[in-house]
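**Q** Contents of final15.tsv (TSV, C-alpha atoms) are given next:
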```tsv
chain	number	residue	atom	x	y	z
A	1	LEU	CA	133.91	58.69	-31.87
A	2	LEU	CA	133.53	54.98	-31.13
A	3	ILE	CA	130.34	53.37	-32.37
A	4	ASN	CA	128.83	49.93	-31.79
A	5	ALA	CA	130.15	47.94	-34.72
A	6	ILE	CA	128.33	45.08	-36.41
A	7	ASP	CA	129.81	41.81	-37.59
A	8	CYS	CA	129.71	41.96	-41.39
A	9	GLU	CA	131.05	38.41	-41.61
A	10	GLN	CA	128.00	37.14	-39.74
A	11	PHE	CA	125.45	39.47	-41.36
A	12	HIS	CA	126.07	38.85	-45.04
A	13	PRO	CA	123.94	38.34	-48.18
A	14	ASN	CA	125.60	34.99	-48.85
A	15	LYS	CA	123.31	33.55	-46.14
A	16	ARG	CA	120.29	34.00	-48.41
A	17	THR	CA	118.61	30.66	-49.16
A	18	ARG	CA	115.42	31.86	-50.89
A	19	LYS	CA	115.11	30.94	-54.55
A	20	PRO	CA	115.65	33.75	-57.08
A	21	ASP	CA	112.16	33.21	-58.55
A	22	ASP	CA	110.43	33.73	-55.17
A	23	SER	CA	107.92	36.51	-55.91
A	24	ASP	CA	107.09	37.19	-52.25
A	25	ILE	CA	108.41	40.41	-50.75
A	26	LYS	CA	109.34	39.73	-47.14
A	27	ILE	CA	109.19	42.78	-44.90
A	28	LEU	CA	110.99	42.37	-41.60
A	29	LEU	CA	109.90	44.31	-38.51
A	30	LEU	CA	111.06	44.21	-34.90
A	31	HIS	CA	108.33	43.21	-32.45
A	32	HIS	CA	108.63	45.25	-29.26
A	33	ASP	CA	106.20	46.19	-26.51
A	34	TYR	CA	107.51	49.75	-25.98
A	35	ALA	CA	105.20	52.15	-27.86
A	36	TRP	CA	108.11	54.32	-29.08
A	37	LYS	CA	109.55	51.34	-30.97
A	38	GLY	CA	106.63	51.78	-33.39
A	39	THR	CA	105.71	48.10	-33.82
A	40	LYS	CA	101.97	48.77	-33.73
A	41	GLU	CA	102.16	51.49	-36.39
A	42	GLY	CA	104.59	49.49	-38.52
A	43	VAL	CA	102.29	46.45	-38.49
A	44	GLU	CA	99.28	48.62	-39.41
A	45	VAL	CA	101.12	50.25	-42.32
A	46	ILE	CA	102.25	46.90	-43.70
A	47	ALA	CA	98.79	45.31	-43.19
A	48	ASN	CA	97.28	48.11	-45.31
A	49	LEU	CA	99.90	47.58	-48.02
A	50	GLN	CA	99.19	43.83	-48.01
A	51	LYS	CA	95.60	44.58	-49.11
A	52	LYS	CA	97.00	46.09	-52.30
A	53	TYR	CA	100.02	43.77	-52.69
A	54	PRO	CA	99.15	40.17	-51.69
A	55	ASN	CA	102.74	39.03	-52.32
A	56	VAL	CA	103.93	41.13	-49.35
A	57	LYS	CA	104.65	39.02	-46.27
A	58	LEU	CA	105.09	40.51	-42.80
A	59	VAL	CA	107.87	38.85	-40.80
A	60	LEU	CA	108.17	39.82	-37.14
A	61	PHE	CA	111.10	39.01	-34.88
A	62	GLY	CA	111.69	39.79	-31.23
A	63	THR	CA	112.85	38.73	-27.80
A	64	ARG	CA	110.17	40.07	-25.48
A	65	LYS	CA	107.18	37.78	-26.09
A	66	LYS	CA	106.95	34.16	-27.13
A	67	ASN	CA	103.62	34.81	-28.86
A	68	VAL	CA	102.70	38.07	-30.56
A	69	GLU	CA	99.35	39.83	-30.60
A	70	TYR	CA	99.75	41.06	-34.19
A	71	LYS	CA	98.71	39.24	-37.33
A	72	CYS	CA	101.81	38.35	-39.31
A	73	ASP	CA	102.96	35.75	-41.81
A	74	GLU	CA	105.96	34.63	-39.77
A	75	TYR	CA	107.28	35.29	-36.26
A	76	TYR	CA	110.72	34.44	-34.91
A	77	TYR	CA	111.37	34.53	-31.18
A	78	LYS	CA	114.81	34.92	-29.62
A	79	PHE	CA	116.73	34.26	-32.81
A	80	SER	CA	120.44	34.97	-32.48
A	81	GLY	CA	123.72	34.20	-34.21
A	82	ASP	CA	123.51	32.44	-37.56
A	83	LYS	CA	119.72	31.99	-37.35
A	84	LEU	CA	119.27	35.76	-36.98
A	85	ALA	CA	121.73	36.43	-39.80
A	86	LYS	CA	119.82	34.06	-42.13
A	87	LEU	CA	116.54	35.78	-41.21
A	88	PHE	CA	117.96	39.16	-42.26
A	89	ALA	CA	119.54	37.79	-45.46
A	90	ASN	CA	116.24	36.19	-46.48
A	91	SER	CA	114.25	39.42	-46.07
A	92	ASP	CA	113.76	42.04	-48.76
A	93	ILE	CA	112.90	45.14	-46.73
A	94	LEU	CA	113.46	46.01	-43.08
A	95	VAL	CA	111.14	48.63	-41.64
A	96	GLY	CA	112.45	50.67	-38.71
A	97	PRO	CA	109.42	52.49	-37.26
A	98	SER	CA	111.08	53.55	-33.97
A	99	TRP	CA	110.45	57.19	-33.12
A	100	ASP	CA	113.75	57.59	-31.25
A	101	GLU	CA	116.91	55.48	-31.27
A	102	GLY	CA	120.55	55.37	-30.35
A	103	LEU	CA	122.77	53.68	-32.91
A	104	ASN	CA	120.28	50.94	-33.76
A	105	PHE	CA	121.56	47.47	-34.74
A	106	PRO	CA	118.70	45.93	-36.85
A	107	PRO	CA	118.85	48.44	-39.73
A	108	ARG	CA	122.61	48.00	-40.01
A	109	TRP	CA	122.31	44.19	-39.76
A	110	ALA	CA	119.76	44.39	-42.59
A	111	MET	CA	122.01	46.58	-44.72
A	112	ALA	CA	125.00	44.27	-44.21
A	113	SER	CA	122.74	41.36	-45.25
A	114	GLY	CA	121.66	42.96	-48.53
A	115	CYS	CA	118.20	43.98	-47.33
A	116	ALA	CA	116.75	47.41	-48.23
A	117	VAL	CA	115.89	49.63	-45.25
A	118	VAL	CA	113.03	52.06	-44.65
A	119	THR	CA	113.30	53.95	-41.38
A	120	TYR	CA	112.00	56.98	-39.59
A	121	ASP	CA	114.31	59.92	-39.07
A	122	ASN	CA	114.77	58.83	-35.47
A	123	GLY	CA	117.92	60.38	-34.08
A	124	SER	CA	120.44	57.73	-35.05
A	125	SER	CA	119.39	57.02	-38.60
A	126	ASP	CA	121.43	59.95	-39.89
A	127	GLU	CA	124.57	57.91	-39.07
A	128	TYR	CA	123.85	55.36	-41.84
A	129	ALA	CA	120.48	56.03	-43.55
A	130	PHE	CA	120.76	58.63	-46.30
A	131	ASP	CA	117.39	59.07	-47.99
A	132	GLY	CA	117.32	57.80	-51.55
A	133	ASP	CA	120.87	56.45	-51.28
A	134	THR	CA	121.54	53.92	-48.50
A	135	ALA	CA	117.92	53.77	-47.25
A	136	LEU	CA	114.58	55.49	-47.54
A	137	VAL	CA	113.98	57.81	-44.59
A	138	ALA	CA	110.47	58.86	-43.58
A	139	GLU	CA	109.55	61.83	-41.44
A	140	ARG	CA	109.47	60.83	-37.76
A	141	LYS	CA	106.07	59.44	-36.67
A	142	ASN	CA	104.52	60.15	-40.10
A	143	THR	CA	102.88	56.82	-40.99
A	144	GLN	CA	101.71	58.09	-44.41
A	145	ASP	CA	105.28	58.97	-45.36
A	146	LEU	CA	106.49	55.62	-44.01
A	147	SER	CA	103.84	53.83	-46.08
A	148	ARG	CA	104.81	55.74	-49.26
A	149	LYS	CA	108.48	54.86	-48.77
A	150	ILE	CA	107.74	51.17	-48.19
A	151	GLU	CA	105.37	51.06	-51.17
A	152	SER	CA	108.00	52.58	-53.46
A	153	LEU	CA	110.32	49.65	-52.60
A	154	ILE	CA	107.51	47.13	-53.12
A	155	VAL	CA	106.65	48.35	-56.62
A	156	ASP	CA	110.11	49.32	-57.85
A	157	THR	CA	112.39	46.28	-57.84
A	158	GLN	CA	115.32	48.27	-59.25
A	159	LEU	CA	115.03	50.91	-56.53
A	160	ARG	CA	114.86	48.17	-53.88
A	161	LYS	CA	118.02	46.56	-55.28
A	162	LYS	CA	119.81	49.92	-55.53
A	163	ILE	CA	118.97	50.88	-51.92
A	164	ALA	CA	119.99	47.42	-50.68
A	165	LEU	CA	123.30	47.54	-52.56
A	166	ARG	CA	124.19	51.09	-51.48
A	167	GLY	CA	123.23	50.32	-47.88
A	168	MET	CA	125.39	47.21	-47.91
A	169	GLU	CA	128.35	49.10	-49.39
A	170	TYR	CA	128.05	51.87	-46.82
A	171	VAL	CA	127.70	49.64	-43.74
A	172	ARG	CA	130.55	47.40	-44.85
A	173	GLN	CA	132.94	50.37	-44.97
A	174	MET	CA	132.10	51.42	-41.40
A	175	PRO	CA	134.74	50.62	-38.74
A	176	THR	CA	134.88	46.98	-37.70
A	177	TRP	CA	134.75	45.72	-34.13
A	178	GLU	CA	138.48	44.94	-34.34
A	179	LYS	CA	139.31	48.47	-35.55
A	180	LEU	CA	137.21	50.03	-32.79
A	181	THR	CA	138.74	47.88	-30.04
A	182	ASP	CA	142.23	48.73	-31.32
A	183	THR	CA	141.30	52.43	-31.22
A	184	LEU	CA	139.94	52.14	-27.68
A	185	GLU	CA	143.08	50.30	-26.60
A	186	GLU	CA	145.23	53.13	-28.00
A	187	ILE	CA	143.10	55.74	-26.22
A	188	LEU	CA	143.53	53.90	-22.92
A	189	LYS	CA	147.27	53.42	-23.43
A	190	ASN	CA	147.83	57.08	-24.25
A	191	GLY	CA	145.63	58.28	-21.40
A	192	ALA	CA	147.71	56.55	-18.72
```
Using structure tokens, write down the structure that the file contains.

**A**
Amino acid sequence: LLINAIDCEQFHPNKRTRKPDDSDIKILLLHHDYAWKGTKEGVEVIANLQKKYPNVKLVLFGTRKKNVEYKCDEYYYKFSGDKLAKLFANSDILVGPSWDEGLNFPPRWAMASGCAVVTYDNGSSDEYAFDGDTALVAERKNTQDLSRKIESLIVDTQLRKKIALRGMEYVRQMPTWEKLTDTLEEILKNGA
């Protein structure tokens, strides 16, 4: 099995520039216009949590629209490379509200960057998101469960740190791009 690897040298917690005493909790969410990506529901869940926790900040990022229709605290358009890596490292929680996915990059980028992940059970999450260990996994399309999982990371700093650390450890032991390309090269050599 060859998977799409991520660059753990680029996505790394050492790119964090926020001060340790920053009391804001930055929740990162992909902005997308496909309904199944769950942006609308994710924004609604976080907006409701912000009513209870004013230190929660919603940070959207995306490549499809220069201006977004959702209320958020920050929006980043077409970030890539080091700018994208810094965005992930300076976030506390990534929410993955997609209903269905292949092997999704943003949750694994977040994990490699030291950011805790909350995701739906969406088809690919079982490759890296183990509920209560490397991530918190909500029932697919269940916004109440998603909200409960996010809230538990907002209120429990130790749980958030534990999930972030375990996620980072797990993703960093996955095969690297170099290892996967070497494996593919061997497959092709032996198949000829």

**Q** Counting only C-alpha atoms, which residues sit no farther than 10 Å from the position (121.7, 48.4, -36.2) in the file's frame? I'd like them as a count of residues only.

**A** 20

**Q** Mind giving me the straight-line distance from atom CA of Ser23 of chain A to atom CA of Val155 of chain A in Å, one decimal?

**A**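 Interatomic distance, atom CA of Ser23 of chain A to atom CA of Val155 of chain A: 11.9 Å.
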
**Q** Rounded to one decimal, what separation in Å do you get between atom CA of Arg64 of chain A and atom CA of Gly123 of chain A?

**A** 23.4 Å

**Q** My list of candidates is A:Arg18, A:Lys161, A:Lys52, A:Lys71. Which is closest to Thr39 of chain A when distances are computed with all atoms listed in the file?

**A**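 Selected residue with least distance to Thr39 of chain A: A:Lys71.
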
**Q** In Å, how far is it from atom CA of Lys66 of chain A to atom CA of Trp99 of chain A?

**A**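 Pair atom CA of Lys66 of chain A / atom CA of Trp99 of chain A returns 24.1 Å.
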
**Q** Using all atoms listed in the file, pick whichever of A:Ala85, A:Ile163, A:Val68, A:Ile93 has the shortest atom-to-atom distance to Lys26 of chain A.

**A** A:Ile93

**Q** Smallest atom-to-atom distance to Pro175 of chain A: which of A:Leu87, A:Asp7, A:Ser98, A:Lys78, using only C-alpha atoms?

**A** A:Asp7
